[in-house]
file data_27.cif (mmCIF, C-alpha atoms)
data_work
loop_
_atom_site.label_atom_id
_atom_site.label_comp_id
_atom_site.auth_asym_id
_atom_site.auth_seq_id
_atom_site.Cartn_x
_atom_site.Cartn_y
_atom_site.Cartn_z
CA MET A 73 0.00 0.00 0.00
CA GLU A 74 1.16 3.50 -0.75
CA GLN A 75 2.36 5.44 2.27
CA GLU A 76 -0.14 8.25 1.64
CA LYS A 77 -3.12 5.89 1.55
CA PHE A 78 -1.94 4.35 4.82
CA GLU A 79 -1.66 7.79 6.39
CA ILE A 80 -5.23 8.65 5.39
CA TRP A 81 -6.52 5.30 6.65
CA MET A 82 -4.73 5.69 9.95
CA MET A 83 -6.12 9.18 10.56
CA GLU A 84 -9.61 7.88 9.79
CA TYR A 85 -9.06 5.14 12.36
CA LEU A 86 -7.68 7.49 15.02
CA SER A 87 -10.44 10.07 14.59
CA GLY A 88 -13.15 7.40 14.80
CA GLU A 89 -14.42 7.91 11.27
CA LEU A 90 -14.26 4.18 10.39
CA ASP A 91 -17.16 1.80 10.87
CA GLU A 92 -16.63 -1.49 12.69
CA SER A 93 -15.81 -3.62 9.66
CA ARG A 94 -13.26 -1.09 8.36
CA GLN A 95 -11.70 -0.92 11.82
CA LEU A 96 -11.22 -4.69 11.85
CA GLU A 97 -9.79 -4.51 8.36
CA PHE A 98 -7.32 -1.86 9.52
CA LYS A 99 -6.22 -3.93 12.51
CA LYS A 100 -5.74 -6.99 10.29
CA TYR A 101 -3.66 -4.91 7.89
CA LEU A 102 -1.44 -3.79 10.76
CA GLN A 103 -0.83 -7.39 11.87
CA GLU A 104 0.38 -8.20 8.38
CA HIS A 105 2.57 -5.11 8.08
CA PRO A 106 4.90 -4.76 11.08
CA GLY A 107 6.47 -1.52 9.80
CA HIS A 108 3.14 0.26 9.70
CA GLN A 109 2.14 -1.45 12.94
CA LYS A 110 5.10 0.18 14.69
CA GLU A 111 4.36 3.58 13.18
CA PHE A 112 0.74 3.27 14.27
CA GLU A 113 1.62 2.33 17.87
CA VAL A 114 3.93 5.29 18.31
CA LEU A 115 1.63 7.85 16.74
CA SER A 116 -1.58 6.60 18.34
CA ASN A 117 0.11 7.02 21.70
CA THR A 118 0.94 10.67 20.94
CA TRP A 119 -2.58 11.19 19.52
CA SER A 120 -4.23 10.04 22.73
CA GLU A 121 -1.81 12.08 24.85
CA ILE A 122 -2.91 15.27 23.10
CA ASP A 123 -6.30 14.69 24.73
CA GLU A 124 -4.68 14.93 28.13
CA MET A 125 -3.25 18.38 27.52
CA GLU A 126 -5.15 20.60 29.89
CA ILE A 127 -7.16 23.56 28.67
CA PRO A 128 -8.27 25.98 31.42
CA GLU A 129 -11.85 27.21 31.59
CA PRO A 130 -12.41 30.69 30.16
CA SER A 131 -13.06 33.28 32.88
CA GLU A 132 -16.34 35.07 33.58
CA GLU A 133 -14.80 38.31 32.31
CA MET A 134 -14.95 36.83 28.83
CA ASP A 135 -18.74 36.46 29.18
CA THR A 136 -19.08 39.96 30.59
CA SER A 137 -17.14 41.62 27.82
CA PHE A 138 -18.97 39.61 25.15
CA PHE A 139 -22.43 40.47 26.48
CA SER A 140 -21.46 44.13 26.93
CA MET A 141 -20.33 44.17 23.29
CA LEU A 142 -23.58 42.49 22.22
CA ASN A 143 -25.61 44.87 24.32
CA SER A 144 -23.99 47.96 22.82
CA GLU A 145 -24.53 46.48 19.35
CA LEU A 146 -28.23 45.97 20.18
CA GLU A 147 -28.52 49.54 21.43
CA LYS A 148 -26.81 50.80 18.27
CA ASN A 149 -29.37 48.88 16.20
CA GLU A 150 -32.24 50.30 18.25
CA ARG A 151 -30.93 53.81 17.69
CA LYS A 152 -30.72 53.10 13.96
CA GLY A 153 -34.37 51.98 14.08
CA SER A 154 -35.54 55.15 15.80
CA SER A 155 -33.54 57.40 13.48
CA TRP A 156 -35.40 55.72 10.59
CA ILE A 157 -38.68 56.87 12.15
CA GLN A 158 -37.23 60.37 12.61
CA ASN A 159 -36.25 60.45 8.92
CA LEU A 160 -39.80 59.50 8.00
CA LEU A 161 -41.22 62.25 10.19
CA SER A 162 -38.82 64.80 8.74
CA ILE A 163 -40.51 64.26 5.36
CA PHE A 164 -43.47 66.11 6.84
CA GLY A 165 -41.19 68.85 8.22
CA PRO A 166 -40.96 71.12 5.13
CA ILE A 167 -44.73 71.14 4.58
CA GLN A 168 -45.86 74.59 5.50
CA LYS A 169 -49.63 74.06 5.57
CA PRO A 170 -50.66 72.13 8.68
CA GLN A 171 -53.91 70.95 7.00
CA LEU A 172 -51.93 69.24 4.26
CA ALA A 173 -49.61 67.59 6.78
CA PHE A 174 -52.59 66.41 8.79
CA GLY A 175 -54.27 65.05 5.66
CA MET A 176 -51.15 63.14 4.67
CA LEU A 177 -50.80 61.72 8.15
CA LEU A 178 -54.43 60.54 8.12
CA LEU A 179 -53.91 58.97 4.72
CA SER A 180 -50.82 57.09 5.93
CA ILE A 181 -52.68 55.86 9.03
CA GLY A 182 -55.58 54.72 6.85
CA LEU A 183 -53.27 52.86 4.49
CA GLY A 184 -51.40 51.30 7.37
CA LEU A 185 -54.60 50.17 9.07
CA GLY A 186 -55.94 48.71 5.82
CA TYR A 187 -52.73 46.76 5.29
CA PHE A 188 -52.74 45.56 8.87
CA LEU A 189 -56.37 44.39 8.82
CA ASN A 190 -56.00 42.61 5.48
CA SER A 191 -52.87 40.70 6.33
CA ASN A 192 -53.52 37.50 8.19
CA PRO A 193 -50.34 36.40 9.89
CA SER A 194 -49.92 32.65 9.95
CA GLU A 195 -49.59 30.83 13.25
CA GLY A 196 -46.05 29.81 12.35
CA THR A 197 -44.86 33.39 12.26
CA SER A 198 -46.34 34.27 15.59
CA GLY A 199 -44.90 31.06 17.04
CA GLU A 200 -41.50 32.05 15.72
CA ILE A 201 -41.79 35.48 17.33
CA VAL A 202 -42.61 33.83 20.66
CA VAL A 203 -39.57 31.54 20.35
CA SER A 204 -37.39 34.50 19.39
CA ASN A 205 -38.66 36.56 22.36
CA ASN A 206 -38.05 33.63 24.68
CA GLU A 207 -34.49 33.36 23.45
CA THR A 208 -33.88 37.07 23.92
CA GLU A 209 -35.19 36.78 27.46
CA GLU A 210 -32.92 33.81 28.04
CA ILE A 211 -29.85 35.72 26.86
CA ARG A 212 -30.81 38.74 28.95
CA GLY A 213 -31.27 36.43 31.97
CA GLN A 214 -27.80 35.00 31.42
CA LEU A 215 -26.37 38.50 31.13
CA VAL A 216 -28.05 39.54 34.41
CA LEU A 217 -26.61 36.59 36.32
CA THR A 218 -23.13 37.19 34.93
CA LEU A 219 -23.19 40.93 35.64
CA LEU A 220 -24.57 40.57 39.19
CA ASP A 221 -21.56 38.43 40.00
CA GLN A 222 -18.98 41.03 38.97
CA PRO A 223 -16.68 42.79 41.45
CA SER A 224 -17.35 46.20 39.87
CA ALA A 225 -20.39 48.05 41.27
CA ASN A 226 -21.01 49.60 37.85
CA LYS A 227 -21.32 46.19 36.25
CA ARG A 228 -23.70 45.06 38.99
CA LEU A 229 -25.80 48.19 38.47
CA GLN A 230 -25.90 47.36 34.77
CA GLY A 231 -26.96 43.81 35.72
CA VAL A 232 -29.88 45.03 37.83
CA SER A 233 -31.03 47.43 35.12
CA GLU A 234 -30.96 44.55 32.62
CA ALA A 235 -33.09 42.53 35.07
CA THR A 236 -35.65 45.34 35.10
CA LYS A 237 -35.98 45.01 31.31
CA LEU A 238 -37.02 41.35 31.63
CA ASN A 239 -40.70 40.67 31.10
CA ASP A 240 -40.78 37.74 33.43
CA ALA A 241 -37.89 36.82 35.70
CA ASN A 242 -37.29 33.20 36.64
CA GLU A 243 -36.47 31.92 40.13
CA ARG A 244 -32.72 32.18 39.62
CA ILE A 245 -32.91 35.84 38.67
CA ILE A 246 -35.22 36.63 41.62
CA GLU A 247 -32.86 34.80 43.93
CA ALA A 248 -29.87 36.69 42.52
CA LEU A 249 -31.70 40.00 42.96
CA PHE A 250 -32.49 39.15 46.58
CA THR A 251 -28.86 38.21 47.23
CA THR A 252 -27.92 41.61 45.82
CA LEU A 253 -30.56 43.41 47.87
CA ASN A 254 -29.50 41.76 51.12
CA ASN A 255 -25.74 41.50 50.70
CA ASP A 256 -24.38 43.93 48.13
CA ALA A 257 -21.72 46.25 49.49
CA ASN A 258 -22.97 49.19 47.42
CA ILE A 259 -26.12 51.05 48.52
CA ASN A 260 -26.99 52.20 44.99
CA VAL A 261 -26.91 48.65 43.71
CA ARG A 262 -29.16 47.56 46.59
CA LEU A 263 -31.62 50.37 45.88
CA VAL A 264 -31.84 49.52 42.20
CA ALA A 265 -32.28 45.82 43.06
CA LEU A 266 -35.21 46.82 45.27
CA GLU A 267 -36.75 48.78 42.40
CA SER A 268 -36.34 45.80 40.12
CA LEU A 269 -37.90 43.40 42.64
CA ALA A 270 -40.85 45.78 43.11
CA LYS A 271 -41.94 44.69 39.62
CA TYR A 272 -42.73 41.22 40.95
CA VAL A 273 -44.63 42.07 44.13
CA GLU A 274 -47.61 40.12 42.84
CA THR A 275 -45.62 36.96 43.57
CA PRO A 276 -46.11 35.94 47.24
CA GLU A 277 -42.49 34.69 47.52
CA VAL A 278 -41.16 38.08 46.43
CA ARG A 279 -43.39 39.90 48.93
CA MET A 280 -42.22 37.56 51.67
CA GLY A 281 -38.58 38.05 50.66
CA LEU A 282 -39.00 41.83 50.77
CA VAL A 283 -40.57 41.67 54.22
CA LYS A 284 -37.69 39.55 55.51
CA SER A 285 -35.19 41.91 53.95
CA ILE A 286 -36.35 44.87 56.11
CA ALA A 287 -34.66 43.54 59.24
CA LEU A 288 -31.48 42.70 57.31
CA GLN A 289 -30.81 46.20 55.99
CA ASP A 290 -28.36 48.54 57.65
CA SER A 291 -28.54 51.47 55.26
CA PRO A 292 -31.15 54.14 56.17
CA LEU A 293 -31.84 54.80 52.48
CA VAL A 294 -32.73 51.19 51.74
CA GLN A 295 -34.71 50.92 54.98
CA ILE A 296 -36.81 53.94 54.03
CA ALA A 297 -37.32 52.71 50.46
CA LEU A 298 -38.50 49.34 51.80
CA ALA A 299 -40.86 51.01 54.28
CA ASP A 300 -42.35 53.14 51.46
CA LEU A 301 -42.89 50.04 49.35
CA MET A 302 -44.61 48.23 52.22
CA VAL A 303 -46.99 51.16 52.73
CA ALA A 304 -47.79 51.21 49.01
CA LEU A 305 -48.47 47.47 49.12
CA GLN A 306 -50.32 47.71 52.45
CA GLU A 307 -48.37 44.61 53.46
CA LYS A 308 -49.51 43.77 57.00
CA THR A 309 -46.90 41.05 57.55
CA SER A 310 -44.17 43.67 57.26
CA VAL A 311 -45.20 45.32 60.55
CA GLU A 312 -43.38 42.68 62.60
CA SER A 313 -40.16 43.12 60.61
CA MET A 314 -40.36 46.89 60.97
CA LYS A 315 -40.93 46.59 64.73
CA GLU A 316 -37.92 44.30 64.91
CA LEU A 317 -35.84 46.91 63.10
CA LEU A 318 -37.10 49.60 65.51
CA LYS A 319 -35.65 47.61 68.42
CA LYS A 320 -32.12 47.94 67.04
CA PRO A 321 -30.13 50.37 69.22
CA ASP A 322 -28.20 52.02 66.36
CA ILE A 323 -31.22 52.93 64.27
CA ASN A 324 -31.20 56.30 62.53
CA ASN A 325 -33.73 58.82 63.93
CA THR A 326 -35.26 59.66 60.55
CA VAL A 327 -35.66 55.97 59.82
CA LYS A 328 -37.23 55.44 63.23
CA GLN A 329 -39.78 58.16 62.54
CA LYS A 330 -40.43 56.82 59.04
CA LEU A 331 -40.96 53.26 60.31
CA GLU A 332 -43.40 54.40 62.98
CA GLU A 333 -45.36 56.37 60.40
CA SER A 334 -45.37 53.42 58.03
CA ILE A 335 -46.60 51.03 60.73
CA ASN A 336 -49.46 53.43 61.51
CA HIS A 337 -50.34 53.70 57.82
CA ILE A 338 -50.46 49.96 57.35
CA ILE A 339 -52.45 49.25 60.50
CA MET B 551 -38.19 25.44 23.14
CA GLN B 552 -37.37 24.82 19.56
CA GLU B 553 -33.65 24.24 19.09
CA LEU B 554 -32.39 26.21 16.14
CA THR B 555 -29.39 24.99 14.18
CA ASN B 556 -26.19 27.04 14.12
CA ASN B 557 -26.80 27.90 10.49
CA ALA B 558 -30.37 29.07 11.18
CA LEU B 559 -29.18 31.21 14.10
CA MET B 560 -26.42 32.82 12.06
CA LEU B 561 -28.87 33.56 9.25
CA LYS B 562 -31.07 35.31 11.81
CA VAL B 563 -28.07 37.37 12.97
CA LYS B 564 -27.44 38.21 9.32
CA SER B 565 -31.02 39.41 8.90
CA GLY B 566 -30.61 41.82 11.81
CA ASP B 567 -31.61 39.64 14.75
CA VAL B 568 -28.31 40.36 16.51
CA ASP B 569 -29.53 38.87 19.82
CA LYS B 570 -29.04 35.41 18.40
CA LEU B 571 -25.29 35.87 18.48
CA GLY B 572 -25.56 35.34 22.25
CA LEU B 573 -26.80 31.79 21.72
CA LEU B 574 -24.04 31.05 19.23
CA TYR B 575 -21.53 32.43 21.73
CA GLU B 576 -22.83 30.15 24.50
CA ARG B 577 -22.63 27.16 22.19
CA HIS B 578 -19.13 27.73 20.85
CA LYS B 579 -17.17 29.83 23.34
CA LYS B 580 -15.35 26.86 24.88
CA ARG B 581 -14.35 25.32 21.56
CA LEU B 582 -13.03 28.62 20.30
CA PHE B 583 -11.21 29.33 23.55
CA GLY B 584 -9.67 25.83 23.38
CA PHE B 585 -8.56 26.46 19.81
CA PHE B 586 -6.79 29.72 20.66
CA TYR B 587 -5.37 28.37 23.91
CA ASN B 588 -3.82 25.42 22.10
CA MET B 589 -2.39 27.81 19.55
CA ASN B 590 -0.85 30.36 21.95
CA SER B 591 -0.96 28.92 25.52
CA ASN B 592 -2.14 32.29 26.82
CA ALA B 593 -5.57 32.28 28.50
CA SER B 594 -6.11 36.03 28.63
CA LEU B 595 -5.04 36.54 25.00
CA SER B 596 -7.27 33.62 23.98
CA GLU B 597 -10.26 35.27 25.67
CA ASP B 598 -9.61 38.51 23.75
CA LEU B 599 -9.33 36.60 20.50
CA VAL B 600 -12.63 34.77 21.14
CA GLN B 601 -14.24 38.20 21.55
CA ASN B 602 -12.61 39.35 18.29
CA VAL B 603 -14.08 36.37 16.45
CA PHE B 604 -17.61 37.37 17.45
CA VAL B 605 -17.01 41.03 16.66
CA ARG B 606 -15.78 39.97 13.23
CA MET B 607 -18.73 37.59 12.77
CA LEU B 608 -21.01 40.57 13.30
CA LYS B 609 -19.02 42.78 10.96
CA TYR B 610 -18.93 40.21 8.17
CA LYS B 611 -22.32 38.61 8.79
CA HIS B 612 -23.32 39.45 5.20
CA THR B 613 -20.71 36.96 3.93
CA PHE B 614 -22.46 34.03 5.63
CA THR B 615 -24.54 32.28 3.02
CA GLY B 616 -25.90 29.37 5.07
CA GLU B 617 -24.37 26.88 2.67
CA GLY B 618 -21.76 24.65 4.27
CA SER B 619 -21.22 24.25 7.96
CA PHE B 620 -21.33 27.14 10.39
CA SER B 621 -18.40 25.65 12.34
CA ALA B 622 -16.19 25.77 9.25
CA TRP B 623 -17.12 29.43 8.67
CA MET B 624 -16.53 30.26 12.34
CA PHE B 625 -13.13 28.56 12.46
CA ARG B 626 -12.08 30.23 9.22
CA THR B 627 -12.87 33.53 10.95
CA ALA B 628 -10.95 32.35 14.03
CA ARG B 629 -7.88 31.53 11.90
CA ASN B 630 -7.98 34.97 10.31
CA VAL B 631 -8.29 36.62 13.72
CA ASN B 632 -5.29 34.62 14.91
CA TYR B 633 -3.12 35.51 11.90
CA ASP B 634 -4.14 39.17 12.06
CA TYR B 635 -3.24 39.35 15.72
CA TYR B 636 0.28 38.07 15.09
CA ARG B 637 0.70 40.22 12.00
CA LYS B 638 -0.56 43.37 13.68
CA ASN B 639 1.61 42.91 16.73
CA LYS B 640 4.57 41.87 14.60
CA ILE B 641 5.08 38.80 16.76
CA ALA B 642 6.81 35.90 15.08
CA PHE B 643 4.09 33.31 14.69
CA ASN B 644 6.67 30.56 14.78
CA GLN B 645 7.42 29.79 18.37
CA SER B 646 10.60 29.02 20.23
CA GLU B 647 13.06 26.52 18.89
CA VAL B 648 14.04 23.25 20.46
CA SER B 649 17.28 24.72 21.86
CA THR B 650 15.46 27.39 23.94
CA VAL B 651 13.02 24.86 25.27
CA GLU B 652 15.88 22.58 26.15
CA TYR B 653 17.19 25.30 28.46
CA LYS B 654 13.84 25.52 30.21
CA LEU B 655 13.73 21.76 30.61
CA GLU B 656 17.19 21.60 32.16
CA ASP B 657 15.95 23.89 34.89
CA GLY B 658 13.16 21.51 35.83
CA ASP B 659 13.88 19.45 38.93
CA ASP B 660 11.55 16.66 37.95
CA LEU B 661 13.40 15.77 34.82
CA GLU B 662 16.26 14.02 36.62
CA LYS B 663 13.82 11.89 38.56
CA GLY B 664 12.64 10.40 35.31
CA MET B 665 9.60 10.99 33.23
CA ASN B 666 6.25 10.29 34.68
CA LYS B 667 3.00 10.77 32.82
CA LYS B 668 2.55 14.36 33.92
CA ASP B 669 6.01 15.30 32.70
CA GLU B 670 5.31 13.63 29.41
CA ILE B 671 2.22 15.75 28.90
CA SER B 672 4.18 18.85 29.85
CA VAL B 673 6.89 17.97 27.29
CA LEU B 674 4.16 17.32 24.73
CA ASN B 675 2.77 20.76 25.47
CA ARG B 676 6.14 22.29 24.72
CA ALA B 677 6.54 20.18 21.61
CA MET B 678 3.16 21.47 20.45
CA GLN B 679 4.35 25.07 20.84
CA ILE B 680 7.46 24.35 18.77
CA LEU B 681 5.49 22.71 15.99
CA PRO B 682 5.02 25.14 13.06
CA PRO B 683 1.67 26.96 13.41
CA GLU B 684 0.03 25.46 10.33
CA LYS B 685 0.78 21.97 11.65
CA ARG B 686 -0.27 22.82 15.18
CA GLU B 687 -3.49 24.23 13.79
CA ILE B 688 -4.52 21.07 11.96
CA LEU B 689 -3.84 18.94 15.05
CA VAL B 690 -5.86 21.30 17.24
CA LEU B 691 -8.76 21.28 14.79
CA SER B 692 -8.77 17.52 14.33
CA LYS B 693 -8.78 16.91 18.06
CA PHE B 694 -12.13 18.66 18.42
CA LYS B 695 -14.46 15.70 18.49
CA GLU B 696 -17.19 17.27 16.41
CA MET B 697 -14.82 18.52 13.75
CA LYS B 698 -14.73 16.12 10.81
CA PHE B 699 -11.91 16.08 8.26
CA SER B 700 -14.34 17.23 5.58
CA GLU B 701 -14.95 20.36 7.69
CA ILE B 702 -11.24 20.83 8.38
CA GLY B 703 -10.65 20.62 4.63
CA ALA B 704 -13.24 23.37 4.15
CA ILE B 705 -11.53 25.54 6.78
CA LEU B 706 -8.04 25.05 5.37
CA GLY B 707 -9.16 25.22 1.76
CA CYS B 708 -7.99 21.73 0.78
CA SER B 709 -9.55 18.32 0.10
CA GLU B 710 -10.62 15.95 2.86
CA GLY B 711 -7.84 13.49 1.89
CA ALA B 712 -5.22 16.23 1.94
CA ALA B 713 -6.41 17.30 5.41
CA LYS B 714 -5.94 13.73 6.68
CA VAL B 715 -2.44 13.49 5.21
CA LYS B 716 -1.53 16.88 6.70
CA ALA B 717 -2.84 15.78 10.11
CA HIS B 718 -0.84 12.55 9.94
CA ARG B 719 2.38 14.38 9.06
CA ALA B 720 1.79 16.99 11.75
CA LEU B 721 1.34 14.20 14.28
CA LYS B 722 4.56 12.59 13.09
CA ASP B 723 6.47 15.89 13.43
CA LEU B 724 5.00 16.43 16.88
CA ARG B 725 6.27 13.00 17.88
CA THR B 726 9.73 13.78 16.51
CA ILE B 727 9.97 17.07 18.45
CA PHE B 728 8.66 15.32 21.55
CA LEU B 729 11.41 12.68 21.31
CA GLN B 730 14.06 15.35 20.72
CA LEU B 731 12.97 17.16 23.87
CA GLU B 732 12.77 13.98 25.87
CA THR B 733 16.26 12.77 25.02
CA ARG B 734 18.02 16.08 25.67
#

call {"tool": "encode", "arguments": {"input": "data_27.cif", "output": "structure tokens"}}
result
Amino acid sequence: MEQEKFEIWMMEYLSGELDESRQLEFKKYLQEHPGHQKEFEVLSNTWSEIDEMEIPEPSEEMDTSFFSMLNSELEKNERKGSSWIQNLLSIFGPIQKPQLAFGMLLLSIGLGLGYFLNSNPSEGTSGEIVVSNNETEEIRGQLVLTLLDQPSANKRLQGVSEATKLNDANERIIEALFTTLNNDANINVRLVALESLAKYVETPEVRMGLVKSIALQDSPLVQIALADLMVALQEKTSVESMKELLKKPDINNTVKQKLEESINHII
Amino acid sequence: MQELTNNALMLKVKSGDVDKLGLLYERHKKRLFGFFYNMNSNASLSEDLVQNVFVRMLKYKHTFTGEGSFSAWMFRTARNVNYDYYRKNKIAFNQSEVSTVEYKLEDGDDLEKGMNKKDEISVLNRAMQILPPEKREILVLSKFKEMKFSEIGAILGCSEGAAKVKAHRALKDLRTIFLQLETR
């Protein structure tokens, strides 16, 4: 056999491209050709050792910088979209007579409505849009979790603001937001996390988590924001947590006053 | 949820649905990182180059036709990113020679105690870095389990048979360098 054919055959064997019968054929060939057998043994050993060369895991910074890049690209696209609308509106700019402009606007609305009512979107298209939206939400969710884990407060702020853009947060996101609200070193990040969680107050678990969080807070700003939210929600279970907070010896006077007012409002 | 193929996702990116690049990134980041890491042994540089691949995929999304495999297109982009990096920074793509590596090896305490498996892998790592880049590249690509020789041929711009022969010869050269390092 030509050397080149043997080389091709051997690579097919090593990379697992041969089916069982061709593998047996290859092994039989090796038994009959000791020179190639030796070459195979040596090289297959090196081939399998390449597998053992360690590759480290990429760091989380790689994810952060990728999603930041993607995010800025998305924002750039959104801006392009809105400038398209502005260009369209500017067509009406030079028209001096307002009646004419109004007439043209009405005509465009009429045409648009007619087109919209006549077109009958198939179920497939709407299904595709749902899948696409779900995927966008999934990516945004991933971005939130990555950003909330960053050492930089700015990145964490960005993470919380991304969470606010989500239509429906899953348990992991809620949990991450609560961890931020209760443990983050930066007050601004905690305040924004509270704002983001306020979107989900309809969920009993979130309400309960917010109530528990009152006693855990040490910053007057966050304490006041939580008290305000409880009054707005008329959450009776929060009274106990607020009373507990009032018992703390180092409580700020303004906060003390605010908590007492809030308790009175709720009761 | 419906699982979209890589090609379908990239076509969506091409049509302006840039969000989908996030899914492609999640699917391929480790393979790409592994490719660069095997080529340059520098984790932080490899991370930057992975990012560059996706930036370039966005910039040249119009060139993706959907014919042929997405992986081949992606790795062609990755190769270009790699070459451009070395060209731009005027770094010699060819790595150290056996003599310089020999010096490093003589410093190692473990060498006198004989070669155990771990040392062998470490020598193999060095041998890989000495191997000329085009040979290193084909070995790295063919060791990715999902990468078939037909795809490697498409990435390198040669036939499937030629890719197999190249891989075989690269493996042989790697072995030769490995033995040179081991005996010195």

call {"tool": "residues_around", "arguments": {"input": "data_27.cif", "residues": "Asn557 of chain B", "least_positions_apart": "6", "cutoff": "12 Å", "atoms": "all atoms listed in the file", "output": "number ranges by chain"}}
result
B: 563-564, 570-571, 573-574, 611, 614-624

call {"tool": "interface_residues", "arguments": {"input": "data_27.cif", "of": "chain B", "to": "chain A", "cutoff": "8 Å", "atoms": "all atoms listed in the file", "output": "PyMOL selection string"}}
result
chain B and resi 551-552+568-573+580+583-584+587-588+593+597-598+601+671-672+674-675+692-693+695+711+714-715+717-718+721-722+725

call {"tool": "residues_around", "arguments": {"input": "data_27.cif", "residues": "segment 222-227 of chain A", "least_positions_apart": "2", "cutoff": "9 Å", "atoms": "only C-alpha atoms", "output": "list in words"}}
result
Glu132, Glu133, Thr136, Thr218, Leu219, Leu220, Leu229, Gln230, Gly231, Val232, Asp256, Ala257, Asn258, Asn260 and Val261 of chain A

call {"tool": "atom_distance", "arguments": {"input": "data_27.cif", "atom1": "atom CA of Ile680 of chain B", "atom2": "atom CA of Asp723 of chain B"}}
result
10.1 Å

call {"tool": "residues_around", "arguments": {"input": "data_27.cif", "residues": "Ser313 of chain A", "least_positions_apart": "3", "cutoff": "7 Å", "atoms": "all atoms listed in the file", "output": "ChimeraX atom specification"}}
result
/A:283-284,286-287,310,316-317
